[in-house]
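Student: One structure, pasted below without further comment.
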Amino acid sequence: MNDPILGSDAPHDRFDHIEAMLTSYPQVSAEEIDWLKRWFRKEATAFDVASLASKPACEVGYRRFRADHIDRFTAKDWVVFVLAITVLSCAITAGLVLAA
């Protein structure tokens, strides 16, 4: 089964296509950005990411894409952070009240 955006299912073909999209980033479609995000989050190995990061041809696009889409905090990240701080604050307050 071929991927409509990435073409072949062969890993080396997919990697080459990802590299080409990152080289031309930000001049890629919204659908291609979604595919890039999915690939980074679900399919890419650490070796794949390191290989892309070390290629001079796509270095600028790779860094910009990572800053724009991968390394950002999402709404879910902020909710988890706020809940963790709230639970921690409640635990500290309860500990202080019980100790008094």
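By order of appearance in the structure tokens: chains A, B, ..., then residues from 1 within every chain, and ligands from 1 in the order shown.
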Could you pull the residues within 12 Å of segment 58-71 of chain A, counting only C-alpha atoms, minus those fewer than 4 positions along the same chain, as a compact mmCIF listing (two decimals) with C-alpha atoms, in the first residue's frame?

Tutor:
```txt
# COMPACT_ATOMS: atom_id res chain seq x y z
CA ASP A 16 14.04 10.66 1.09
CA HIS A 17 10.60 12.21 0.69
CA ILE A 18 10.62 13.52 4.28
CA GLU A 19 14.06 15.02 3.61
CA ALA A 20 12.75 16.70 0.45
CA MET A 21 9.77 18.18 2.32
CA LEU A 22 12.03 19.52 5.08
CA THR A 23 14.39 20.99 2.50
CA SER A 24 11.51 22.98 1.02
CA TYR A 25 9.90 23.85 4.38
CA PRO A 26 7.99 26.19 4.94
CA GLN A 27 6.77 26.00 1.33
CA VAL A 28 4.84 22.78 1.97
CA ALA A 30 -0.86 21.81 5.36
CA GLU A 32 2.38 17.65 4.16
CA ILE A 33 2.93 19.35 7.52
CA ASP A 34 0.47 16.90 9.09
CA TRP A 35 2.40 14.01 7.52
CA LEU A 36 5.70 15.41 8.77
CA LYS A 37 4.30 15.76 12.31
CA ARG A 38 2.93 12.22 12.24
CA TRP A 39 6.21 10.86 10.93
CA PHE A 40 8.24 12.62 13.65
CA ARG A 41 5.90 11.60 16.46
CA LYS A 42 4.98 8.06 15.48
CA VAL A 49 15.92 12.17 13.30
CA ALA A 50 19.68 12.35 13.85
CA SER A 51 20.28 11.56 10.18
CA LEU A 52 17.99 14.39 9.10
CA ALA A 53 19.44 16.83 11.59
CA SER A 54 22.96 16.18 10.29
CA ASP A 77 1.01 19.87 27.86
```

Student: Just to confirm, what's the straight-line distance from atom CA of His12 of chain A to atom CA of Ala44 of chain A in Å (one decimal)?

Tutor: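 Taking atom CA of His12 of chain A and atom CA of Ala44 of chain A, their separation equals 11.8 Å.
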
Student: Measure the distance from atom CA of Thr45 of chain A to atom CA of Arg14 of chain A in Å and round it to one decimal.

Tutor: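 These atoms are spaced 12.8 Å apart.
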
Student: To one decimal in Å, tell me the separation between atom CA of Val82 of chain A and atom CA of Ala100 of chain A.

Tutor: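 Distance reported for this atom pair: 27.1 Å.
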
Student: Based on DSSP run over this structure's backbone, return all residues of chain A in alpha helix (DSSP H), as a ChimeraX atom specification.

Tutor: /A:11-24,30-38,46-53,59-65,75-99
